[in-house]
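Shown next, in structure tokens, is the structure this report addresses.
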Amino acid sequence: MKFIIAIIKPFKLDEVREALGAVGVAGMTVSEVKGFGRQKGQTEIYRGAEYSTNMLPKVKIEIAAADDLAPQIVETIQQVASTEAIGDGKIFVLDLAQAVRIRTGEAGDTAL
Amino acid sequence: MIRKLAYGAGAIGASLFAATAAFAQEATEAATEAATAAAATATETAAAAATTLIKAPTVEQMATMVNKGDGAWMLVSALLVLMMSVPGLALFYGGLVRTKNMLSVLMQVFMIVSIAGLVWACWGYSLAFTSGSTPFVGGLSKVFLTGVTSGTYAATFSNNVYLPELTFVVFQMTFAMITPALIVGAFAERIKFSALMVFVVLWLTAVYFPIAHMVWYWAGPDFLPDAPTDYGYLWGMGALDFAGGTVVHINAGIAGLVGCLMIGKRIGFGKEATPPHSLTMTMIGASLLWVGWFGFNAGSNLEVNGVTAVAFINTMLATCAAAVSWAIIEQIHHGKPSMLGAATGAVAGLVAITPASGFGAPMTSIVLGLLVSPICYFFVSVVKNKLKYDDTLDVFGVHCVGGIFGAIATGIVADPALGGQGVLDYTVFPYGVAEYHMGAQVLTQIKAVLLTIVWSGVGSAVLYFIVDKTIGLRPTEEAEREGLDITEHGERAYNY
């Protein structure tokens, strides 16, 4: 099993979710996050008081998937979330040791 | 009698001339001529009307001089000014602080309004609007509203036009409510609630009521000719303040500046980011202030006539102009016009037009609005950063600076040569038109501004000192970091 973490631009979330649904992803966790990478921050000015924010808002998607589905998921996210500009985000893939469905106690691939 | 001019065709021509081509020499001359001609007509009309006017009417006679329209408008105006404080000012300020201090600001404004209302009825009205032994403060004859009933009446600016006195009491009450509420912006996010409430009661008594008395108290047009010294100090000096540029804005602005200096900077000022938590709230608040301000300015005419309309349209136009000019400055300076800038500009315009609203003309009001924004912008974004005082919500930079500009400019825009309303001579019965000298009037305006600054500055400093030594003005460092919502009020503004 793989655990996929993708950091994407917030406005790409709906598109990514639709595309992943078509690939066969049954569930995901989404959170609003902040961070920085190569993309520059922005400057806010309130009555002459300047604040430069280095942290930009992004969306983090977490998906647990079976080994054979993982490459397809990564590819889909990469293609759909790309705008070919800096700040498009990153995808991380981790090995997942175990997954348990709380309701039934099922474990492994069947729990996903 | 300037009021009556508006009915003469000559005067309409004159003000149009003056308004559209105020800066052209020949137009100014033509306007002056036309105004003189109209004044002659007006004097005749007044002479004819004088036969029916009653000098120093009895209470029974006053009862027949009350107009239902005036009364209705003044009660609505009182509500509009209340709406300026809650929720207008509360939201305008609240949106500008951090989430952890939102409720503290809302609560401070809400409770100041409530406490000021009680203080006003108990002794404020008497100290502000009765004749005192000195021209600096009123007497105690109407404490606890003694003798003020449904059968007593308050004077307006016209001979033989009266308002139910309780209507006047409640209208002026709303001014005493909003003025101390304005101050809290200067030291928002770092004041102990209980100390602030005590300060407000003392400040109203020692600073606000005397200044209101000095600027606004006089015997009224039917009584002044027989009691030629029965007025407040600044009123007698001839200072013009239509709706409260000195009494409300300069007064609160200076008290705020002194407060923010004496209380000190917020913890982390200049190091931590303290951006506004909701400019949406601030926009809603500024808009409510804008709407409510028509009660404040147009209501200050105390009756409904041509001058009420003058104050109304001047308030509208100055505000539009100031919002536009603030946005333009930001566009030039930063490349982006901000919502906060537009809202701040609108408030600056409202502040500047307040003393001039019933005296200026529509076109001079636009000029006033266009000019006030650059001045206030300079103070909030350059002067404040240079001098590094922590006036949290720019009470000084917007209200005091805008108020001073408006108060002095009133002396210019009131000139009939510029289409202004001029000044009236109330020492004769019925009242007549006084000659207008712009230079002398501007000088009088400056004196009134200085007196307000000194009275309010010194008075406020003494009161802050007393409260600080007895109760303590500042919450603990821990409480300030945690946020005043939780530590002072035990609740949170937003529970998601």
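Every chain in the structure tokens has a letter given in the order shown (A, B, ...), and although residue numbers restart at 1 in each chain, ligands are simply numbered from 1 in the order shown.
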
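Residue neighbourhood of Gly89 (chain A), excluding near-sequence residues (fewer than 3 positions): Ala6, Ile7, Ile8, Lys9 and Ile86 of chain A, at 8 Å, using only C-alpha atoms.
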
Please check the contacts: residues of chain A at most 10 Å away from chain B, using only C-alpha atoms, listed as a CSV table (one decimal) with N, CA and C atoms, in the first residue's frame.
```
chain,number,residue,atom,x,y,z
A,44,GLU,N,1.0,42.6,1.7
A,44,GLU,CA,-0.3,43.2,2.0
A,44,GLU,C,0.0,44.6,2.7
A,45,ILE,N,-0.8,45.5,2.3
A,45,ILE,CA,-0.6,46.9,2.9
A,45,ILE,C,-1.9,47.3,3.5
A,46,TYR,N,-1.9,47.7,4.8
A,46,TYR,CA,-3.1,48.2,5.5
A,46,TYR,C,-2.8,49.6,6.1
A,47,ARG,N,-3.3,50.6,5.4
A,47,ARG,CA,-3.1,52.0,5.8
A,47,ARG,C,-1.6,52.3,5.9
A,48,GLY,N,-0.8,51.8,5.0
A,48,GLY,CA,0.6,52.1,5.0
A,48,GLY,C,1.4,51.1,5.7
A,49,ALA,N,0.8,50.2,6.6
A,49,ALA,CA,1.6,49.2,7.3
A,49,ALA,C,1.8,48.0,6.3
A,50,GLU,N,3.0,47.7,6.0
A,50,GLU,CA,3.2,46.6,5.0
A,50,GLU,C,3.5,45.3,5.7
A,51,TYR,N,2.9,44.2,5.3
A,51,TYR,CA,3.2,42.9,5.8
A,51,TYR,C,3.5,42.0,4.6
A,52,SER,N,4.7,41.4,4.6
A,52,SER,CA,5.0,40.5,3.5
A,52,SER,C,4.7,39.1,4.0
A,53,THR,N,3.9,38.3,3.3
A,53,THR,CA,3.6,37.0,3.8
A,53,THR,C,4.4,36.0,2.9
```

DSSP on the backbone: which residues in region 30-77 of chain A end up as helix (DSSP H, G or I)? Give the answer as number ranges by chain. A: 70-77

Determine the nearest neighbour of Val143 (chain B) from the options B:Ala181, B:Asn159, B:Gly124, B:Thr452, counting only C-alpha atoms. B:Gly124

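Using only C-alpha atoms, the contacts of Ala63 (chain B) at a cut-off of 12 Å, with sequence neighbours closer than 4 positions omitted, comprise Pro57, Thr58, Val59, Asn67, Lys68, Ser150, Gly151, Thr152, Tyr153, Ala154, Ala155, Asn160, Val161, Tyr162, Leu163, Pro164 and Glu165 of chain B.
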
How about saving the chosen residues, C-alpha atoms kept, as a JSON list (two decimals), in the first residue's frame?
```json
[["chain", "number", "residue", "atom", "x", "y", "z"],
["B", 57, "PRO", "CA", -42.38, 83.13, 23.93],
["B", 58, "THR", "CA", -43.93, 81.47, 26.98],
["B", 59, "VAL", "CA", -44.02, 77.68, 27.25],
["B", 67, "ASN", "CA", -43.70, 71.12, 13.93],
["B", 68, "LYS", "CA", -44.51, 67.43, 13.55],
["B", 150, "SER", "CA", -43.32, 66.47, 27.53],
["B", 151, "GLY", "CA", -44.38, 70.09, 27.98],
["B", 152, "THR", "CA", -40.95, 71.77, 27.75],
["B", 153, "TYR", "CA", -39.27, 72.83, 24.54],
["B", 154, "ALA", "CA", -35.80, 73.35, 23.09],
["B", 155, "ALA", "CA", -34.85, 76.16, 20.71],
["B", 160, "ASN", "CA", -40.30, 80.69, 16.89],
["B", 161, "VAL", "CA", -39.46, 77.13, 15.87],
["B", 162, "TYR", "CA", -39.24, 74.68, 18.79],
["B", 163, "LEU", "CA", -38.59, 71.01, 19.40],
["B", 164, "PRO", "CA", -39.93, 68.92, 22.26],
["B", 165, "GLU", "CA", -37.07, 69.20, 24.77]]
```

Might you pull out every residue within 7 Å of Lys2 (chain A), with only C-alpha atoms counted and same-chain residues fewer than 3 positions away left off, and present them as a ChimeraX atom specification? /A:64-67,70,93-96

Could you take the residues named above and write them with N, CA and C atoms, as an mmCIF file, in the first residue's frame?
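That gives us again-v1.cif:
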```cif
data_model
loop_
_atom_site.group_PDB
_atom_site.id
_atom_site.type_symbol
_atom_site.label_atom_id
_atom_site.label_comp_id
_atom_site.auth_asym_id
_atom_site.auth_seq_id
_atom_site.Cartn_x
_atom_site.Cartn_y
_atom_site.Cartn_z
ATOM 1 N N ALA A 64 -4.789 7.080 0.595
ATOM 2 C CA ALA A 64 -4.175 5.768 0.782
ATOM 3 C C ALA A 64 -4.657 4.881 -0.360
ATOM 4 N N ALA A 65 -3.724 4.201 -1.025
ATOM 5 C CA ALA A 65 -4.126 3.430 -2.206
ATOM 6 C C ALA A 65 -3.372 2.105 -2.276
ATOM 7 N N ALA A 66 -3.971 1.173 -2.990
ATOM 8 C CA ALA A 66 -3.298 -0.110 -3.228
ATOM 9 C C ALA A 66 -2.109 0.125 -4.151
ATOM 10 N N ASP A 67 -1.077 -0.747 -4.051
ATOM 11 C CA ASP A 67 0.170 -0.539 -4.795
ATOM 12 C C ASP A 67 -0.045 -0.357 -6.292
ATOM 13 N N ALA A 70 -1.467 3.189 -7.277
ATOM 14 C CA ALA A 70 -0.700 4.378 -6.893
ATOM 15 C C ALA A 70 -0.074 5.131 -8.069
ATOM 16 N N VAL A 93 5.098 10.281 -2.227
ATOM 17 C CA VAL A 93 4.556 8.932 -2.100
ATOM 18 C C VAL A 93 5.332 8.183 -1.018
ATOM 19 N N LEU A 94 4.593 7.638 -0.041
ATOM 20 C CA LEU A 94 5.217 6.924 1.078
ATOM 21 C C LEU A 94 4.717 5.483 1.088
ATOM 22 N N ASP A 95 5.521 4.619 1.633
ATOM 23 C CA ASP A 95 5.027 3.247 1.858
ATOM 24 C C ASP A 95 4.102 3.275 3.055
ATOM 25 N N LEU A 96 2.989 2.535 2.918
ATOM 26 C CA LEU A 96 2.000 2.532 3.998
ATOM 27 C C LEU A 96 2.023 1.178 4.669
#
```

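Put simply, CA of Ala309 (chain B) is 25.1 Å away from CA of Ala342 (chain B).
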
Pick the closest to Ala188 (chain B) from B:Ala252, B:Val97, B:Ala461, B:Leu91: which is it, counting only C-alpha atoms? B:Val97

All residues 10 Å or closer to Phe129 (chain B), only C-alpha atoms, same chain fewer than 6 positions away omitted, as an NGL selection string: :B and (137-142 or 154 or 169 or 172 or 209-210 or 212-214 or 216-219 or 231-232)

Which residues come within 7 Å of region 353-370 of chain B, counting only C-alpha atoms, excluding same-chain residues fewer than 4 positions away, as a ChimeraX atom specification? /B:19,241-245,297,307,310-311,313-315,317-319,321-322,325,349,406-407,410,413-414,419-422

Preceding selection exported with N, CA and C atoms as a PDB file, in the first residue's frame:
```pdb
ATOM      1  N   ALA B  19     -20.897  78.380  -6.910  1.00  0.00           N
ATOM      2  CA  ALA B  19     -20.553  76.970  -6.818  1.00  0.00           C
ATOM      3  C   ALA B  19     -19.795  76.497  -8.046  1.00  0.00           C
ATOM      4  N   ASP B 241     -19.201  75.420  14.263  1.00  0.00           N
ATOM      5  CA  ASP B 241     -19.055  73.964  14.296  1.00  0.00           C
ATOM      6  C   ASP B 241     -20.443  73.381  14.140  1.00  0.00           C
ATOM      7  N   PHE B 242     -20.815  73.076  12.903  1.00  0.00           N
ATOM      8  CA  PHE B 242     -22.195  72.712  12.630  1.00  0.00           C
ATOM      9  C   PHE B 242     -22.613  71.443  13.367  1.00  0.00           C
ATOM     10  N   ALA B 243     -21.813  70.393  13.244  1.00  0.00           N
ATOM     11  CA  ALA B 243     -22.264  69.119  13.804  1.00  0.00           C
ATOM     12  C   ALA B 243     -21.260  68.466  14.744  1.00  0.00           C
ATOM     13  N   GLY B 244     -20.142  69.119  15.030  1.00  0.00           N
ATOM     14  CA  GLY B 244     -19.261  68.521  16.030  1.00  0.00           C
ATOM     15  C   GLY B 244     -17.847  68.214  15.605  1.00  0.00           C
ATOM     16  N   GLY B 245     -17.272  69.002  14.731  1.00  0.00           N
ATOM     17  CA  GLY B 245     -15.877  68.794  14.351  1.00  0.00           C
ATOM     18  C   GLY B 245     -14.949  68.950  15.536  1.00  0.00           C
ATOM     19  N   ASN B 297     -25.133  65.001  10.836  1.00  0.00           N
ATOM     20  CA  ASN B 297     -24.911  66.309  10.215  1.00  0.00           C
ATOM     21  C   ASN B 297     -26.211  67.028   9.868  1.00  0.00           C
ATOM     22  N   VAL B 307     -31.469  74.429   4.848  1.00  0.00           N
ATOM     23  CA  VAL B 307     -30.126  74.190   5.374  1.00  0.00           C
ATOM     24  C   VAL B 307     -29.928  72.711   5.713  1.00  0.00           C
ATOM     25  N   VAL B 310     -28.886  71.275   2.619  1.00  0.00           N
ATOM     26  CA  VAL B 310     -27.492  71.665   2.347  1.00  0.00           C
ATOM     27  C   VAL B 310     -26.543  70.735   3.100  1.00  0.00           C
ATOM     28  N   ALA B 311     -26.814  70.551   4.407  1.00  0.00           N
ATOM     29  CA  ALA B 311     -25.954  69.690   5.224  1.00  0.00           C
ATOM     30  C   ALA B 311     -25.971  68.261   4.684  1.00  0.00           C
ATOM     31  N   ILE B 313     -26.614  67.109   1.493  1.00  0.00           N
ATOM     32  CA  ILE B 313     -25.895  66.881   0.221  1.00  0.00           C
ATOM     33  C   ILE B 313     -24.402  67.124   0.400  1.00  0.00           C
ATOM     34  N   ASN B 314     -24.033  68.086   1.256  1.00  0.00           N
ATOM     35  CA  ASN B 314     -22.606  68.317   1.499  1.00  0.00           C
ATOM     36  C   ASN B 314     -21.958  67.081   2.116  1.00  0.00           C
ATOM     37  N   THR B 315     -22.666  66.452   3.049  1.00  0.00           N
ATOM     38  CA  THR B 315     -22.156  65.241   3.694  1.00  0.00           C
ATOM     39  C   THR B 315     -21.947  64.150   2.651  1.00  0.00           C
ATOM     40  N   LEU B 317     -21.515  64.472  -0.687  1.00  0.00           N
ATOM     41  CA  LEU B 317     -20.501  64.757  -1.703  1.00  0.00           C
ATOM     42  C   LEU B 317     -19.082  64.723  -1.132  1.00  0.00           C
ATOM     43  N   ALA B 318     -18.886  65.264   0.067  1.00  0.00           N
ATOM     44  CA  ALA B 318     -17.542  65.263   0.656  1.00  0.00           C
ATOM     45  C   ALA B 318     -17.070  63.828   0.864  1.00  0.00           C
ATOM     46  N   THR B 319     -18.001  62.956   1.270  1.00  0.00           N
ATOM     47  CA  THR B 319     -17.643  61.566   1.526  1.00  0.00           C
ATOM     48  C   THR B 319     -17.260  60.861   0.227  1.00  0.00           C
ATOM     49  N   ALA B 321     -16.132  62.231  -2.456  1.00  0.00           N
ATOM     50  CA  ALA B 321     -14.872  62.798  -2.945  1.00  0.00           C
ATOM     51  C   ALA B 321     -13.689  62.243  -2.160  1.00  0.00           C
ATOM     52  N   ALA B 322     -13.847  62.118  -0.835  1.00  0.00           N
ATOM     53  CA  ALA B 322     -12.734  61.643  -0.012  1.00  0.00           C
ATOM     54  C   ALA B 322     -12.436  60.170  -0.284  1.00  0.00           C
ATOM     55  N   SER B 325     -10.606  60.119  -3.561  1.00  0.00           N
ATOM     56  CA  SER B 325      -9.242  60.640  -3.547  1.00  0.00           C
ATOM     57  C   SER B 325      -8.299  59.719  -2.775  1.00  0.00           C
ATOM     58  N   GLY B 349     -13.607  61.868   5.047  1.00  0.00           N
ATOM     59  CA  GLY B 349     -14.474  62.848   4.407  1.00  0.00           C
ATOM     60  C   GLY B 349     -15.633  63.232   5.308  1.00  0.00           C
ATOM     61  N   GLY B 406     -11.117  70.060   8.788  1.00  0.00           N
ATOM     62  CA  GLY B 406     -12.511  70.448   8.541  1.00  0.00           C
ATOM     63  C   GLY B 406     -12.898  71.701   9.304  1.00  0.00           C
ATOM     64  N   ALA B 407     -12.452  71.787  10.561  1.00  0.00           N
ATOM     65  CA  ALA B 407     -12.832  72.928  11.395  1.00  0.00           C
ATOM     66  C   ALA B 407     -12.265  74.227  10.833  1.00  0.00           C
ATOM     67  N   THR B 410     -13.884  75.143   7.496  1.00  0.00           N
ATOM     68  CA  THR B 410     -15.237  75.668   7.663  1.00  0.00           C
ATOM     69  C   THR B 410     -15.233  77.187   7.537  1.00  0.00           C
ATOM     70  N   VAL B 413     -15.145  77.777   3.647  1.00  0.00           N
ATOM     71  CA  VAL B 413     -16.299  77.390   2.807  1.00  0.00           C
ATOM     72  C   VAL B 413     -17.601  78.054   3.245  1.00  0.00           C
ATOM     73  N   ALA B 414     -17.642  78.571   4.474  1.00  0.00           N
ATOM     74  CA  ALA B 414     -18.868  79.231   4.930  1.00  0.00           C
ATOM     75  C   ALA B 414     -19.053  80.597   4.282  1.00  0.00           C
ATOM     76  N   GLY B 419     -20.358  80.654  -2.113  1.00  0.00           N
ATOM     77  CA  GLY B 419     -21.613  79.915  -2.112  1.00  0.00           C
ATOM     78  C   GLY B 419     -21.981  79.386  -0.738  1.00  0.00           C
ATOM     79  N   GLY B 420     -21.220  79.770   0.288  1.00  0.00           N
ATOM     80  CA  GLY B 420     -21.485  79.289   1.638  1.00  0.00           C
ATOM     81  C   GLY B 420     -22.686  79.977   2.274  1.00  0.00           C
ATOM     82  N   GLN B 421     -23.062  79.496   3.450  1.00  0.00           N
ATOM     83  CA  GLN B 421     -24.255  79.995   4.119  1.00  0.00           C
ATOM     84  C   GLN B 421     -24.005  81.256   4.939  1.00  0.00           C
ATOM     85  N   GLY B 422     -22.742  81.624   5.135  1.00  0.00           N
ATOM     86  CA  GLY B 422     -22.443  82.815   5.928  1.00  0.00           C
ATOM     87  C   GLY B 422     -22.817  82.612   7.388  1.00  0.00           C
TER      88      GLY B 422
END
```

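Note that CA of Lys90 (chain A) and CA of Ala26 (chain A) are 21.5 Å apart.
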
If DSSP is run on the backbone, what residues of region 268-451 of chain B are strand (DSSP E or B)? A reply as a PyMOL selection string would be ideal. chain B and resi 424-425+432-433

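The gap separating CA of Asn54 (chain A) from CA of Lys34 (chain A) is 9.3 Å, in Å to one decimal.
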
For Met65 (chain B), which residue out of B:Glu477, B:Asp390, B:Glu482, B:Asp222 is the nearest one, using only C-alpha atoms? B:Asp222

Could you tell me which of B:Leu196, B:Gly220, B:Phe171, B:Gly132 comes closest to Ser104 (chain B) if we count only C-alpha atoms? B:Leu196

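Closest approach to Pro10 (chain A) among A:Gly41, A:Pro71, A:Gly87, A:Gly108 is made by A:Gly87 (distances from only C-alpha atoms).
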